[in-house]
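Student: My structure is stored as start08.txt, with compact mmCIF, C-alpha atoms.
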# COMPACT_ATOMS: atom_id res chain seq x y z
CA MET Q 1 160.65 65.62 134.67
CA ASN Q 2 159.80 65.28 130.99
CA SER Q 3 156.25 66.53 130.38
CA SER Q 4 155.32 63.13 128.92
CA PHE Q 5 155.60 61.73 132.47
CA GLY Q 6 153.80 62.56 135.69
CA GLN Q 7 153.44 61.42 139.28
CA VAL Q 8 150.11 59.98 140.43
CA SER Q 9 148.86 58.51 143.71
CA VAL Q 10 146.79 55.33 143.77
CA GLY Q 11 145.69 54.57 147.30
CA ASP Q 12 148.89 54.72 149.36
CA VAL Q 13 151.15 54.13 146.36
CA ASP Q 14 152.91 56.91 144.40
CA LEU Q 15 153.82 56.11 140.80
CA ILE Q 16 155.75 57.73 137.95
CA VAL Q 17 153.63 57.15 134.85
CA VAL Q 18 153.45 58.02 131.17
CA ARG Q 19 150.64 60.58 131.11
CA SER Q 20 149.08 59.52 127.80
CA TRP Q 21 149.07 55.83 128.77
CA TRP Q 22 147.61 56.53 132.20
CA GLU Q 23 144.92 58.81 130.82
CA SER Q 24 143.92 56.11 128.30
CA GLY Q 25 143.49 53.54 131.07
CA VAL Q 26 146.81 51.67 130.88
CA VAL Q 27 147.61 50.70 134.48
CA HIS Q 28 151.37 50.93 134.83
CA GLY Q 29 154.14 52.88 136.49
CA MET Q 30 157.35 52.94 138.49
CA THR Q 31 157.07 52.90 142.28
CA THR Q 32 158.81 55.47 144.44
CA ARG Q 33 160.92 55.05 147.55
CA PRO Q 34 158.23 54.40 150.21
CA LEU Q 35 157.76 50.96 148.64
CA SER Q 36 160.83 48.70 148.76
CA PHE Q 37 161.04 45.43 146.87
CA VAL Q 38 164.00 43.56 148.33
CA ALA Q 39 165.25 40.00 148.79
CA GLY Q 40 162.73 37.66 150.38
CA GLU Q 41 160.16 38.60 147.71
CA SER Q 42 158.96 41.73 149.59
CA ASP Q 43 155.48 40.30 150.21
CA GLU Q 44 154.20 43.37 152.06
CA ALA Q 45 155.25 45.76 149.29
CA VAL Q 46 153.90 43.44 146.58
CA SER Q 47 150.56 43.10 148.38
CA LEU Q 48 150.29 46.87 148.79
CA LEU Q 49 151.03 47.52 145.12
CA CYS Q 50 148.70 44.78 143.90
CA GLY Q 51 145.90 46.00 146.15
CA ALA Q 52 146.31 49.56 144.93
CA VAL Q 53 146.19 48.75 141.21
CA GLY Q 54 143.73 45.82 141.27
CA ALA Q 55 146.19 43.00 140.57
CA THR Q 56 146.15 39.54 142.15
CA ALA Q 57 149.90 38.96 141.75
CA LEU Q 58 153.10 40.47 140.39
CA ALA Q 59 155.11 38.43 137.88
CA ALA Q 60 158.82 39.29 137.72
CA PRO Q 61 161.97 37.61 136.37
CA LYS Q 62 164.95 36.54 138.47
CA GLN Q 63 167.16 39.30 137.13
CA CYS Q 64 170.75 38.43 136.28
CA HIS Q 65 172.03 41.31 134.09
CA GLY Q 66 171.73 39.11 131.02
CA ASN Q 67 169.69 39.48 127.84
CA GLU Q 68 166.96 36.85 128.03
CA ALA Q 69 163.38 38.02 127.47
CA ILE Q 70 160.78 35.65 128.94
CA ASP Q 71 157.63 35.48 126.84
CA LEU Q 72 154.54 35.26 129.07
CA ARG Q 73 151.94 36.08 126.46
CA GLY Q 74 150.79 32.45 126.45
CA SER Q 75 148.27 31.94 129.27
CA ALA Q 76 149.36 28.34 129.94
CA VAL Q 77 152.92 29.42 130.82
CA LEU Q 78 151.66 32.06 133.22
CA GLU Q 79 149.11 29.75 134.84
CA ARG Q 80 151.74 27.10 135.57
CA ALA Q 81 154.02 29.66 137.16
CA LEU Q 82 151.20 31.13 139.26
CA ALA Q 83 150.24 27.68 140.51
CA GLN Q 84 153.81 27.10 141.69
CA SER Q 85 154.35 30.51 143.30
CA GLY Q 86 151.99 30.20 146.25
CA GLY Q 87 151.94 33.94 146.93
CA SER Q 88 151.50 37.41 145.52
CA MET Q 89 155.02 37.42 143.97
CA CYS Q 90 155.50 35.07 141.02
CA ARG Q 91 159.16 34.71 140.09
CA PHE Q 92 160.24 33.13 136.80
CA ARG Q 93 163.56 31.74 135.65
CA GLU Q 94 166.55 34.01 135.20
CA GLY Q 95 166.03 36.83 132.71
CA ASP Q 96 165.94 40.59 132.47
CA ALA Q 97 162.81 41.24 130.43
CA LEU Q 98 159.22 40.02 130.28
CA LEU Q 99 156.80 39.95 127.36
CA ALA Q 100 153.24 40.60 128.58
CA PRO Q 101 149.96 40.28 126.68
CA THR Q 102 147.89 43.28 125.61
CA VAL Q 103 144.78 41.68 127.10
CA SER Q 104 144.69 38.98 129.76
CA GLN Q 105 142.11 36.92 131.63
CA GLN Q 106 144.41 37.03 134.66
CA ALA Q 107 144.66 40.20 136.77
CA VAL Q 108 148.43 39.76 136.99
CA ALA Q 109 150.85 42.68 136.82
CA PHE Q 110 154.19 42.19 135.06
CA GLY Q 111 157.27 44.01 136.31
CA VAL Q 112 161.02 44.46 136.62
CA MET Q 113 163.00 45.79 139.59
CA SER Q 114 165.66 48.48 139.63
CA ALA Q 115 167.75 50.81 141.80
CA ASP Q 116 169.67 52.86 139.17
CA CYS Q 117 169.37 50.42 136.24
CA VAL Q 118 167.17 51.46 133.32
CA PRO Q 119 163.52 50.31 133.37
CA VAL Q 120 161.87 50.38 129.94
CA ILE Q 121 158.32 49.60 128.81
CA VAL Q 122 157.67 49.10 125.10
CA ARG Q 123 154.24 48.78 123.49
CA GLY Q 124 153.80 46.67 120.38
CA GLU Q 125 150.83 45.49 118.36
CA ASP Q 126 150.87 42.10 120.07
CA GLY Q 127 151.92 42.94 123.62
CA TRP Q 128 154.24 44.79 125.95
CA ALA Q 129 157.92 44.39 126.79
CA LEU Q 130 159.15 45.26 130.28
CA ILE Q 131 162.94 45.53 130.40
CA HIS Q 132 165.58 45.84 133.12
CA ALA Q 133 168.82 47.18 131.62
CA GLY Q 134 171.83 47.91 133.77
CA TRP Q 135 175.08 48.72 132.00
CA ARG Q 136 175.62 44.99 131.47
CA GLY Q 137 172.16 44.68 129.96
CA LEU Q 138 172.84 47.66 127.70
CA ALA Q 139 176.08 45.94 126.65
CA ASN Q 140 174.48 42.50 126.29
CA GLY Q 141 171.61 43.65 124.07
CA VAL Q 142 168.64 42.98 126.36
CA ILE Q 143 166.66 45.82 124.76
CA ARG Q 144 167.15 44.44 121.26
CA GLU Q 145 166.31 40.92 122.44
CA ALA Q 146 163.04 41.99 124.06
CA VAL Q 147 161.84 44.45 121.43
CA GLY Q 148 162.68 41.91 118.72
CA LYS Q 149 159.96 39.65 120.10
CA LEU Q 150 157.26 42.29 119.64
CA ARG Q 151 155.40 42.72 116.38
CA ALA Q 152 155.51 46.33 115.20
CA PRO Q 153 156.75 48.16 118.31
CA VAL Q 154 155.02 51.53 118.50
CA GLU Q 155 155.97 53.37 121.69
CA ALA Q 156 158.62 53.11 124.38
CA ALA Q 157 159.05 54.78 127.77
CA VAL Q 158 162.35 55.01 129.64
CA PHE Q 159 161.71 55.44 133.37
CA PRO Q 160 163.97 57.03 136.03
CA CYS Q 161 167.49 55.59 136.28
CA ALA Q 162 171.09 56.64 136.96
CA GLY Q 163 171.57 60.01 135.26
CA GLY Q 164 174.27 61.38 133.04
CA ASP Q 165 175.49 63.92 135.62
CA ALA Q 166 176.00 61.38 138.42
CA TYR Q 167 176.61 57.88 137.02
CA GLU Q 168 180.39 57.45 136.93
CA VAL Q 169 181.80 54.38 135.13
CA GLY Q 170 185.12 53.17 133.80
CA GLN Q 171 186.37 52.91 130.24
CA GLU Q 172 185.58 49.19 130.28
CA VAL Q 173 181.87 49.95 130.68
CA VAL Q 174 181.81 52.43 127.80
CA SER Q 175 183.75 49.99 125.60
CA ALA Q 176 181.39 47.12 126.47
CA ILE Q 177 178.31 49.14 125.51
CA GLY Q 178 179.89 50.36 122.30
CA THR Q 179 178.76 53.04 119.90
CA THR Q 180 175.33 53.53 121.47
CA ALA Q 181 176.86 54.74 124.77
CA VAL Q 182 176.10 58.36 125.62
CA CYS Q 183 178.85 59.59 127.93
CA ARG Q 184 181.43 62.26 128.61
CA GLU Q 185 184.91 61.95 130.06
CA GLN Q 186 185.45 63.20 133.60
CA THR Q 187 187.87 66.13 133.75
CA GLY Q 188 190.99 65.24 135.74
CA ARG Q 189 189.90 61.63 136.23
CA ASP Q 190 191.69 59.46 133.66
CA GLY Q 191 189.58 56.68 132.27
CA ARG Q 192 186.42 57.74 134.14
CA PHE Q 193 183.23 58.74 132.36
CA LEU Q 194 179.74 59.95 133.21
CA LEU Q 195 177.30 57.59 131.49
CA ASP Q 196 173.80 58.72 130.56
CA ALA Q 197 172.08 55.35 130.84
CA ALA Q 198 168.67 56.65 129.78
CA ALA Q 199 170.01 58.33 126.63
CA THR Q 200 171.95 55.16 125.85
CA ALA Q 201 168.73 53.14 126.10
CA VAL Q 202 166.99 55.68 123.84
CA ASN Q 203 169.83 55.29 121.29
CA GLN Q 204 169.41 51.53 121.32
CA LEU Q 205 165.63 51.72 120.96
CA ARG Q 206 165.90 54.06 117.97
CA ALA Q 207 168.59 51.88 116.39
CA ILE Q 208 166.16 48.95 116.53
CA SER Q 209 163.22 50.93 115.14
CA PRO Q 210 163.87 54.47 113.84
CA THR Q 211 160.12 55.20 113.76
CA LEU Q 212 159.58 54.17 117.38
CA LYS Q 213 158.12 56.95 119.53
CA VAL Q 214 160.39 57.16 122.61
CA ALA Q 215 159.93 59.23 125.77
CA SER Q 216 162.47 59.43 128.61
CA SER Q 217 161.59 60.69 132.09
CA GLY Q 218 164.71 62.84 132.56
CA LEU Q 219 164.84 61.84 136.25
CA CYS Q 220 168.01 60.56 137.94
CA THR Q 221 167.63 57.95 140.67
CA ILE Q 222 171.01 58.84 142.20
CA THR Q 223 170.26 62.52 142.85
CA ASP Q 224 166.46 62.38 143.27
CA THR Q 225 165.68 60.98 146.71
CA ARG Q 226 162.19 59.90 145.66
CA PHE Q 227 163.88 56.81 144.23
CA HIS Q 228 165.96 53.88 145.42
CA SER Q 229 169.62 54.12 144.38
CA TYR Q 230 172.34 51.53 144.83
CA ARG Q 231 174.99 54.10 143.90
CA ARG Q 232 173.74 56.46 146.61
CA ASP Q 233 172.74 54.03 149.38
CA GLY Q 234 174.81 50.89 148.71
CA GLU Q 235 173.59 47.61 150.20
CA ARG Q 236 170.86 49.48 152.11
CA ALA Q 237 169.12 50.37 148.87
CA GLY Q 238 165.72 48.91 148.17
CA ARG Q 239 164.32 48.33 144.70
CA ALA Q 240 161.58 50.01 142.72
CA VAL Q 241 159.30 48.02 140.47
CA THR Q 242 158.28 49.21 137.02
CA PHE Q 243 155.12 47.33 136.09
CA LEU Q 244 152.18 47.03 133.75
CA LEU Q 245 148.77 45.46 134.32
CA PRO Q 246 147.28 44.31 130.99
CA ALA Q 247 143.69 45.15 130.17
CA GLN Q 248 141.25 42.53 131.43
CA GLY Q 249 139.18 40.41 129.06
CA ASN Q 250 139.46 37.59 126.56
CA PRO Q 251 142.65 37.78 124.47
Show this structure as structure tokens.
Tutor:
Amino acid sequence: MNSSFGQVSVGDVDLIVVRSWWESGVVHGMTTRPLSFVAGESDEAVSLLCGAVGATALAAPKQCHGNEAIDLRGSAVLERALAQSGGSMCRFREGDALLAPTVSQQAVAFGVMSADCVPVIVRGEDGWALIHAGWRGLANGVIREAVGKLRAPVEAAVFPCAGGDAYEVGQEVVSAIGTTAVCREQTGRDGRFLLDAAATAVNQLRAISPTLKVASSGLCTITDTRFHSYRRDGERAGRAVTFLLPAQGNP
């Protein structure tokens, strides 16, 4: 694991966190395999996570491998959605990224789910972007779409995802992603490549903002059994959530 990241325990929940953010009081992280966020809204897992980190609810998009970034920095939008949710999981319209405020009056965590796709958190002067980027998202520009809505992005963290030694894809995937793809051709397997999804996300982040400080965990969800992996476990795979709880107070 990259030294910028660490594993912490909060109550019964284990999280992969960015050390400097955690030490400065930013409540965030990626859950590990004991928690599983699956279809049916995973109320038990959501309640356990929220209880551990002091959140009243978890706001997450209905992910569709697209490129829409839902801006929830306006309190009225969030309040309407919370009123309609009726539970600890608040699901918004289809999208693959959320924009969260830096400071919020609501103790609501914002998150995206993954099981090999790339979870990214970006800090800007006016909020946070939480991004879910599978290969389709990397091809469709979800990172650019989300980061483009932040004023002066400063730091980004790329959390565990399918790694470059285990994530095999076809030529069509590499072609769809384009020049930012970090991959190598598989010996003896025509048209098959190993895609480094995290390094590809880092490439895209630096293409958007060359001065952006970017850290990548270096952990592979396929080979590291601490994490959920669709490639490893198929339909039995659960989902991790990568989340952030904004500081509490008046915006």
Student: Please report, as CSV, each residue of range 146-244 of chain Q lying at most 7 Å from range 17-30 of chain Q, together with the nearest pair of atoms and the separation in Å rounded to one decimal; use all atoms listed in the file, and order rows by chain and ascending residue number.
Tutor:
residue,atom,partner,partner_atom,distance
Q:Ala240,CA,Q:Met30,CA,6.7
Q:Val241,CA,Q:Met30,CA,5.7
Q:Thr242,CA,Q:Met30,CA,4.1
Q:Phe243,CA,Q:His28,CA,5.3
Q:Leu244,CA,Q:His28,CA,4.1
Student: Counting only C-alpha atoms, which of Q:Val53, Q:Leu58, Q:Ile177, Q:Cys161 gets nearest to Val108 in chain Q?
Tutor: Q:Leu58
Student: So the first atom is CA of Leu205 in chain Q and the second is CA of Arg231 in chain Q; what is the distance between them in Å, to one decimal place?
Tutor: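 Taking CA of Leu205 in chain Q as the start and CA of Arg231 in chain Q as the end point, the length is 24.9 Å.
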Student: Neighbourhood query: residues within 8 Å of (175.1, 62.4, 137.1), file coordinates, counting all atoms listed in the file; return as a PyMOL selection string.
Tutor: chain Q and resi 162-168+194-196+220+222-223
Student: Just to confirm, what's the straight-line distance from CA of Gln7 in chain Q to CA of Ala199 in chain Q in Å (one decimal)?
Tutor: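 CA of Ala199 in chain Q lies at a distance of 21.1 Å from CA of Gln7 in chain Q.
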Student: Separation of CA of Glu145 in chain Q and CA of Phe227 in chain Q, in Å?
Tutor: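 Going from CA of Glu145 in chain Q over to CA of Phe227 in chain Q covers 27.1 Å.
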Student: Find the residue from Q:Ser9, Q:Ser47, Q:Asn140, Q:Thr32 that sits nearest to Asn67 in chain Q; use only C-alpha atoms when measuring.
Tutor: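 Closest to Asn67 in chain Q, using only C-alpha atoms: Q:Asn140.
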Student: Measuring atom to atom with all atoms listed in the file, identify which of Q:Gly6, Q:Gly111, Q:Gly124, Q:Gly51 is nearest to Lys213 in chain Q.
Tutor: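 Looking at the shortest contact to Lys213 in chain Q, the residue is Q:Gly124.
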Student: Nearest to Val202 in chain Q: which of Q:Cys183, Q:Cys64, Q:Val158, Q:Met1 is it, counting only C-alpha atoms?
Tutor: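 Smallest separation from Val202 in chain Q among the options: Q:Val158.
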Student: Rank Q:Leu150, Q:Val13, Q:Leu138, Q:Leu82 by their smallest atom-to-atom distance to His65 in chain Q, using only C-alpha atoms, and report the top residue only.
Tutor: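 Among the listed residues, Q:Leu138 lies closest to His65 in chain Q.
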Student: Return as AutoDock Vina command-line options the centre and edge lengths, in Å with one decimal, of the box along x, y and z that encloses every atom of range 92-107 of chain Q in the file, padded by 6 Å per side.
Tutor:
--center_x 154.3 --center_y 37.5 --center_z 131.2 --size_x 36.4 --size_y 23.5 --size_z 23.2
Student: Up to 7 Å from (173.8, 54.6, 130.2) in the file's coordinates: name the residues, counting all atoms listed in the file, as a list in words.
Tutor: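 The distance filter leaves exactly Trp135, Ala181, Val182, Leu195, Asp196, Ala197, Ala198, Ala199, Thr200 and Ala201 of chain Q.
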Student: Which residue, Q:Leu49, Q:Ala60, Q:Leu99, Q:Ala81, has the smallest gap to Ala129 in chain Q when you use only C-alpha atoms?
Tutor: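 Residue with the minimum atom-to-atom distance to Ala129 in chain Q: Q:Leu99.
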Student: So that I can see what lies close to Thr211 in chain Q, please list as a ChimeraX atom specification the residues with an atom at most 10 Å from it, counting only C-alpha atoms and leaving out residues fewer than 5 positions away in the same chain.
Tutor: /Q:153-155,205-206
